[in-house]
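Here is the file structure10.csv (CSV, C-alpha atoms).
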```
chain,number,residue,atom,x,y,z
A,1,MET,CA,17.4,-2.2,-10.7
A,2,GLU,CA,19.1,0.4,-8.6
A,3,TYR,CA,16.7,2.5,-6.5
A,4,THR,CA,17.0,5.9,-4.7
A,5,LYS,CA,15.4,6.0,-1.3
A,6,VAL,CA,14.1,9.3,-0.1
A,7,SER,CA,13.4,9.5,3.7
A,8,CYS,CA,10.8,12.1,4.3
A,9,PHE,CA,10.6,13.9,7.7
A,10,LEU,CA,7.2,15.6,8.2
A,11,GLU,CA,6.3,18.6,10.4
A,12,PRO,CA,3.7,18.1,11.8
A,13,ASP,CA,3.8,14.3,11.4
A,14,SER,CA,0.4,12.6,11.2
A,15,GLU,CA,-1.3,9.7,9.5
A,16,ILE,CA,-3.3,12.0,7.1
A,17,ASN,CA,-0.2,14.1,6.3
A,18,ARG,CA,1.7,10.9,5.5
A,19,GLU,CA,-1.1,9.7,3.2
A,20,ILE,CA,-1.2,13.1,1.4
A,21,LEU,CA,2.6,13.1,1.0
A,22,THR,CA,2.6,9.5,-0.4
A,23,ALA,CA,0.0,10.5,-3.0
A,24,GLN,CA,2.0,13.5,-4.0
A,25,MET,CA,5.2,11.6,-4.4
A,26,GLY,CA,3.4,8.9,-6.3
A,27,GLU,CA,2.5,11.5,-8.9
A,28,LEU,CA,6.1,12.5,-9.1
A,29,GLY,CA,7.3,9.0,-10.1
A,30,PHE,CA,7.9,7.3,-6.8
A,31,ASP,CA,6.6,3.8,-7.2
A,32,SER,CA,6.9,2.3,-3.7
A,33,PHE,CA,6.7,3.3,-0.1
A,34,SER,CA,7.3,2.1,3.5
A,35,GLU,CA,7.0,3.8,6.9
A,36,THR,CA,9.0,4.0,10.1
A,37,ASP,CA,8.2,5.7,13.3
A,38,LYS,CA,9.9,8.9,12.2
A,39,THR,CA,9.7,8.9,8.4
A,40,VAL,CA,7.9,8.0,5.2
A,41,GLU,CA,10.4,6.2,2.9
A,42,ALA,CA,9.7,6.7,-0.9
A,43,PHE,CA,11.5,4.7,-3.6
A,44,ILE,CA,12.2,5.6,-7.2
A,45,PRO,CA,14.4,4.0,-9.9
A,46,SER,CA,17.7,5.9,-9.7
A,47,SER,CA,17.5,6.4,-13.5
A,48,ALA,CA,14.3,8.5,-13.0
A,49,PHE,CA,15.5,10.5,-10.0
A,50,THR,CA,16.9,14.0,-9.9
A,51,GLU,CA,17.1,16.4,-6.9
A,52,ASP,CA,14.8,18.7,-8.8
A,53,VAL,CA,11.9,16.4,-8.2
A,54,LEU,CA,12.1,17.2,-4.5
A,55,GLN,CA,11.7,20.9,-5.3
A,56,SER,CA,8.2,20.4,-6.8
A,57,GLU,CA,5.7,23.1,-5.8
A,58,SER,CA,3.3,20.5,-4.5
A,59,LEU,CA,5.9,19.4,-1.9
A,60,LYS,CA,7.4,22.8,-1.1
A,61,ASP,CA,4.2,24.9,-0.9
A,62,ASN,CA,1.9,22.5,0.9
A,63,PRO,CA,0.0,24.5,3.5
A,64,LEU,CA,-0.6,21.5,5.7
A,65,PHE,CA,3.0,20.4,6.5
A,66,LYS,CA,6.6,21.0,5.9
A,67,VAL,CA,8.9,18.2,4.7
A,68,ARG,CA,12.6,17.6,4.9
A,69,PHE,CA,14.3,15.0,2.7
A,70,GLN,CA,17.3,12.6,3.1
A,71,THR,CA,18.4,10.6,0.0
A,72,GLU,CA,20.2,7.3,-0.2
A,73,VAL,CA,21.1,5.1,-3.2
A,74,ILE,CA,19.9,1.5,-2.8
A,75,PRO,CA,21.9,-1.0,-4.9
A,76,ASP,CA,20.0,-3.6,-7.1
A,77,GLN,CA,19.0,-6.5,-4.9
A,78,ASN,CA,16.3,-9.2,-4.4
A,79,TRP,CA,13.3,-7.0,-3.4
A,80,ASN,CA,11.2,-9.9,-2.1
A,81,GLU,CA,14.1,-10.8,0.2
A,82,VAL,CA,14.2,-7.1,1.4
A,83,TRP,CA,10.5,-7.2,2.1
A,84,GLU,CA,10.7,-10.5,4.0
A,85,LYS,CA,13.6,-9.3,6.1
A,86,ASN,CA,12.5,-5.7,6.9
A,87,TYR,CA,8.9,-4.9,6.1
A,88,PHE,CA,6.5,-7.8,5.5
A,89,LYS,CA,6.2,-10.3,8.3
A,90,PRO,CA,3.4,-12.9,8.3
A,91,LEU,CA,0.5,-11.5,10.3
A,92,LEU,CA,-2.3,-13.3,12.1
A,93,VAL,CA,-5.3,-11.0,12.9
A,94,GLU,CA,-7.8,-12.0,15.7
A,95,ASN,CA,-6.5,-15.6,15.3
A,96,ARG,CA,-8.7,-15.8,12.3
A,97,CYS,CA,-7.0,-14.1,9.3
A,98,LEU,CA,-3.5,-14.9,8.2
A,99,ILE,CA,-1.7,-12.5,5.8
A,100,ARG,CA,1.4,-13.8,4.2
A,101,ALA,CA,3.6,-13.5,1.1
A,102,PRO,CA,4.3,-16.3,-1.4
A,103,PHE,CA,7.8,-16.6,0.1
A,104,HIS,CA,6.4,-17.2,3.6
A,105,THR,CA,6.0,-21.0,4.1
A,106,ASP,CA,6.3,-21.8,7.8
A,107,THR,CA,2.9,-20.2,8.9
A,108,PRO,CA,0.0,-21.2,11.1
A,109,LYS,CA,-3.4,-22.3,9.8
A,110,ALA,CA,-6.3,-19.9,9.9
A,111,GLU,CA,-9.9,-19.5,8.9
A,112,TYR,CA,-8.9,-17.0,6.2
A,113,GLU,CA,-5.6,-17.0,4.5
A,114,ILE,CA,-4.7,-14.1,2.2
A,115,VAL,CA,-1.5,-14.4,0.1
A,116,ILE,CA,-0.2,-10.9,-0.8
A,117,ASP,CA,2.7,-10.3,-3.3
A,118,PRO,CA,3.3,-6.7,-2.1
A,119,ARG,CA,5.8,-5.7,-4.9
A,120,MET,CA,6.5,-2.7,-2.7
A,121,ALA,CA,2.8,-1.6,-2.8
A,122,PHE,CA,1.2,-0.3,0.4
A,123,GLY,CA,-1.1,-2.5,2.4
A,124,THR,CA,0.2,-5.7,4.0
A,125,GLY,CA,-1.9,-5.5,7.2
A,126,ASN,CA,1.0,-4.4,9.4
A,127,HIS,CA,0.0,-0.7,9.3
A,128,GLU,CA,-2.2,0.1,12.3
A,129,THR,CA,-5.2,1.4,10.2
A,130,THR,CA,-5.1,-1.6,7.9
A,131,TYR,CA,-5.0,-4.0,10.9
A,132,LEU,CA,-8.0,-2.3,12.5
A,133,MET,CA,-9.9,-2.5,9.2
A,134,ILE,CA,-9.2,-6.2,8.9
A,135,SER,CA,-10.5,-6.7,12.5
A,136,ALA,CA,-13.6,-4.7,11.6
A,137,ILE,CA,-14.3,-6.8,8.4
A,138,LEU,CA,-13.9,-10.0,10.5
A,139,SER,CA,-16.7,-8.7,12.8
A,140,GLN,CA,-19.1,-7.7,10.1
A,141,ASP,CA,-21.8,-9.7,8.3
A,142,LEU,CA,-20.9,-9.0,4.6
A,143,GLN,CA,-23.0,-11.7,3.0
A,144,GLY,CA,-24.6,-10.3,-0.1
A,145,LYS,CA,-23.2,-6.8,0.5
A,146,GLN,CA,-21.6,-4.4,-1.9
A,147,VAL,CA,-18.2,-3.2,-0.7
A,148,LEU,CA,-16.1,-0.2,-1.7
A,149,ASP,CA,-12.3,-0.4,-1.0
A,150,MET,CA,-11.2,3.2,-1.5
A,151,GLY,CA,-7.4,3.5,-1.7
A,152,CYS,CA,-7.0,-0.3,-2.1
A,153,GLY,CA,-3.2,-0.5,-2.1
A,154,THR,CA,-2.5,-4.3,-2.4
A,155,GLY,CA,-6.3,-5.0,-2.4
A,156,ILE,CA,-6.1,-6.8,1.0
A,157,LEU,CA,-9.3,-5.4,2.4
A,158,GLY,CA,-11.4,-6.1,-0.7
A,159,ILE,CA,-10.0,-9.6,-0.9
A,160,LEU,CA,-11.0,-10.3,2.7
A,161,ALA,CA,-14.4,-8.8,2.1
A,162,SER,CA,-15.0,-11.1,-0.8
A,163,MET,CA,-13.9,-14.1,1.3
A,164,ARG,CA,-16.4,-13.0,4.0
A,165,GLY,CA,-19.2,-13.2,1.5
A,166,ALA,CA,-19.5,-9.8,-0.1
A,167,GLU,CA,-21.5,-10.0,-3.4
A,168,THR,CA,-19.3,-7.5,-5.2
A,169,VAL,CA,-16.2,-5.4,-4.4
A,170,LYS,CA,-15.1,-2.2,-6.1
A,171,ALA,CA,-11.4,-1.4,-5.4
A,172,ILE,CA,-10.0,2.1,-6.3
A,173,ASP,CA,-6.6,3.6,-6.1
A,174,ILE,CA,-4.8,6.6,-7.6
A,175,ASP,CA,-1.5,4.8,-8.0
A,176,GLU,CA,-1.0,2.5,-11.1
A,177,TRP,CA,1.4,0.3,-9.1
A,178,ALA,CA,-1.4,-0.4,-6.5
A,179,TYR,CA,-4.0,-0.9,-9.3
A,180,ASN,CA,-1.9,-3.6,-11.0
A,181,ASN,CA,-1.0,-5.1,-7.6
A,182,THR,CA,-4.6,-5.4,-6.6
A,183,LEU,CA,-5.4,-7.2,-9.9
A,184,GLU,CA,-2.5,-9.6,-9.3
A,185,ASN,CA,-3.4,-10.3,-5.7
A,186,ALA,CA,-7.1,-10.9,-6.5
A,187,GLU,CA,-5.9,-13.5,-9.0
A,188,ILE,CA,-3.5,-15.1,-6.6
A,189,ASN,CA,-6.4,-15.6,-4.1
A,190,ASN,CA,-8.9,-16.8,-6.7
A,191,ILE,CA,-11.1,-13.8,-6.1
A,192,THR,CA,-13.3,-13.1,-9.2
A,193,ASN,CA,-15.9,-10.5,-7.9
A,194,ILE,CA,-13.5,-7.5,-7.5
A,195,ASP,CA,-13.7,-4.7,-10.1
A,196,VAL,CA,-10.5,-2.6,-9.9
A,197,PHE,CA,-10.3,1.0,-11.0
A,198,LEU,CA,-7.4,3.4,-11.5
A,199,ALA,CA,-8.7,6.8,-10.5
A,200,MET,CA,-8.0,9.6,-13.0
A,201,PRO,CA,-8.9,13.3,-12.6
A,202,THR,CA,-12.2,12.8,-14.4
A,203,PHE,CA,-13.1,9.7,-12.3
A,204,TRP,CA,-14.1,11.5,-9.2
A,205,GLY,CA,-17.0,13.3,-10.8
A,206,ASN,CA,-18.4,9.9,-11.9
A,207,ILE,CA,-17.9,8.0,-8.7
A,208,ASN,CA,-21.4,8.4,-7.4
A,209,SER,CA,-22.8,6.8,-10.6
A,210,MET,CA,-20.9,3.5,-9.9
```

Before we go any further, please render this structure as structure tokens.
Amino acid sequence: MEYTKVSCFLEPDSEINREILTAQMGELGFDSFSETDKTVEAFIPSSAFTEDVLQSESLKDNPLFKVRFQTEVIPDQNWNEVWEKNYFKPLLVENRCLIRAPFHTDTPKAEYEIVIDPRMAFGTGNHETTYLMISAILSQDLQGKQVLDMGCGTGILGILASMRGAETVKAIDIDEWAYNNTLENAEINNITNIDVFLAMPTFWGNINSM
């Protein structure tokens, strides 16, 4: 499938502004994202893209930041190969937790091994915040605990929490791509105690009852 990549330049550029922009563009039909030092890169099937989508009021009139766009058509290609080459490298955290994709084979042994099929969903451990959260989970006693993974992305944090002995894990995301990816990755890693939720507008009012 041919994709259109939209490189987004934020002013001011911050982690929270990047997360807000990613959520907004997800609502506009962009189904995958990556980050560079200077940009957020959003991807959408070219058949679903028009320049008008970038004129959305949610993007133009956001009081927190301004955003400038640069578009590029990405020809159909092997997306797993693209991830392996450019975005998703095997990662060893604290010499204890290995995160790899199914297409990574020459990897070291580790106490915990998480196999993530990213499918362009966010959350492979290479992002600084995710890396720090993995380190924190490795240092916590989660035996018998209930864990909430809010904004689960690929489900990587909830999966590790389960491996570390959490009794139950609730994983929540607003993006359908991430919701389905978390379900898939839990199955890949034989994790059965994760309940995955796709957050809808009425969901937030009920979250405290979970």

ask   = For Arg68 (chain A), which residue among A:Leu132, A:Leu142, A:Met1, A:Leu21 is the nearest when counting all atoms listed in the file?
value =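 Looking only at the distances to Arg68 (chain A), the closest residue turns out to be A:Leu21.
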
ask   = Residues at most 8 Å from region 40-52 of chain A, counting only C-alpha atoms, excluding those fewer than 3 positions away in the same chain, as a VMD selection string?
value = chain A and resid 1 to 9 18 22 25 29 to 36 55 to 56 73

key: Distance criterion (all atoms listed in the file): nearest to Thr154 (chain A) out of A:Val169, A:Leu54, A:Ile188, A:Ile116   =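 For Thr154 (chain A), the nearest of the candidates is A:Ile116.
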
message = Residues near region 193-196 of chain A, anyone? I mean within 7 Å using only C-alpha atoms, not counting same-chain ones fewer than 4 positions away, as a ChimeraX atom specification.
response = /A:168-172,179,183

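If you measure from each of A:Asn180, A:Ser135, A:Gln24, A:Thr124 to Glu94 (chain A) using only C-alpha atoms, the closest one turns out to be A:Ser135.
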
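Across the structure, CA of Cys97 (chain A) and CA of Glu111 (chain A) are spaced 6.1 Å apart.
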
message = Using all atoms listed in the file, can you tell me which of A:Asn185, A:Ser58, A:Ser162, A:Thr105 comes closest to Val147 (chain A)?
response =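 For Val147 (chain A), the nearest of the given residues is A:Ser162.
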
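Using only C-alpha atoms, the residues found no farther than 12 Å from Ile174 (chain A), other than those of its own chain fewer than 4 positions away, are Glu19, Ile20, Thr22, Ala23, Gln24, Met25, Gly26, Glu27, Asp31, Met150, Gly151, Cys152, Gly153, Ala178, Tyr179, Asn180, Val196, Phe197, Leu198, Ala199, Met200, Pro201, Thr202, Phe203 and Trp204 of chain A.
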
request  = Work out how far apart CA of Gln70 (chain A) and CA of Glu15 (chain A) are and give it in Å to one decimal.
outcome  =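 For CA of Gln70 (chain A) relative to CA of Glu15 (chain A), the distance reads 19.9 Å.
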
task = Would you work out the distance separating CA of Gln146 (chain A) from CA of Phe88 (chain A), expressed in Å to one decimal?
result =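 So the answer is 29.3 Å.
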
inquiry  = Please determine, counting all atoms listed in the file, which residue among A:Asp106, A:Glu113, A:Glu57, A:Glu128 has the shortest atom-to-atom distance to Asp37 (chain A).
reply    = A:Glu128

Residues near Asn189 (chain A), cut-off 8 Å, all atoms listed in the file, skip fewer than 6 positions along chain, as a list in words = Ile114, Val115 and Ile159 of chain A

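The shortest atom-to-atom distance to Met133 (chain A), with all atoms listed in the file taken into account, belongs to A:Leu160 out of A:Leu160, A:Leu98, A:Leu92, A:Ala166.
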
Reconstructed N, CA and C atoms for region 34-54 of chain A, given as a compact mmCIF listing (two decimals), in the coordinates of the input:
```
# COMPACT_ATOMS: atom_id res chain seq x y z
N SER A 34 7.38 2.82 2.18
CA SER A 34 7.30 2.10 3.50
C SER A 34 7.33 3.23 4.55
N GLU A 35 7.07 2.83 5.78
CA GLU A 35 7.00 3.80 6.90
C GLU A 35 7.85 3.33 8.05
N THR A 36 8.43 4.29 8.76
CA THR A 36 9.00 4.00 10.10
C THR A 36 8.35 4.94 11.07
N ASP A 37 8.76 4.88 12.30
CA ASP A 37 8.20 5.70 13.30
C ASP A 37 8.37 7.21 13.03
N LYS A 38 9.49 7.53 12.37
CA LYS A 38 9.90 8.90 12.20
C LYS A 38 9.72 9.40 10.72
N THR A 39 9.63 8.48 9.75
CA THR A 39 9.70 8.90 8.40
C THR A 39 8.73 8.12 7.47
N VAL A 40 8.46 8.72 6.32
CA VAL A 40 7.90 8.00 5.20
C VAL A 40 9.09 7.78 4.22
N GLU A 41 9.28 6.54 3.77
CA GLU A 41 10.40 6.20 2.90
C GLU A 41 9.80 5.99 1.47
N ALA A 42 10.24 6.79 0.52
CA ALA A 42 9.70 6.70 -0.90
C ALA A 42 10.88 6.22 -1.76
N PHE A 43 10.54 5.32 -2.70
CA PHE A 43 11.50 4.70 -3.60
C PHE A 43 11.23 5.03 -5.02
N ILE A 44 12.29 5.28 -5.78
CA ILE A 44 12.20 5.60 -7.20
C ILE A 44 13.39 5.02 -7.91
N PRO A 45 13.22 4.47 -9.12
CA PRO A 45 14.40 4.00 -9.90
C PRO A 45 15.42 5.17 -9.98
N SER A 46 16.68 4.89 -9.70
CA SER A 46 17.70 5.90 -9.70
C SER A 46 17.78 6.61 -11.10
N SER A 47 17.48 5.85 -12.15
CA SER A 47 17.50 6.40 -13.50
C SER A 47 16.47 7.49 -13.71
N ALA A 48 15.43 7.50 -12.87
CA ALA A 48 14.30 8.50 -13.00
C ALA A 48 14.43 9.60 -11.98
N PHE A 49 15.45 9.57 -11.11
CA PHE A 49 15.50 10.50 -10.00
C PHE A 49 16.50 11.65 -10.27
N THR A 50 16.06 12.87 -9.97
CA THR A 50 16.90 14.00 -9.90
C THR A 50 16.54 14.81 -8.62
N GLU A 51 17.46 15.59 -8.08
CA GLU A 51 17.10 16.40 -6.90
C GLU A 51 16.02 17.38 -7.18
N ASP A 52 15.85 17.75 -8.46
CA ASP A 52 14.80 18.70 -8.80
C ASP A 52 13.43 18.25 -8.47
N VAL A 53 13.23 16.92 -8.51
CA VAL A 53 11.90 16.40 -8.20
C VAL A 53 11.44 16.74 -6.82
N LEU A 54 12.40 16.89 -5.91
CA LEU A 54 12.10 17.20 -4.50
C LEU A 54 11.79 18.70 -4.33
```
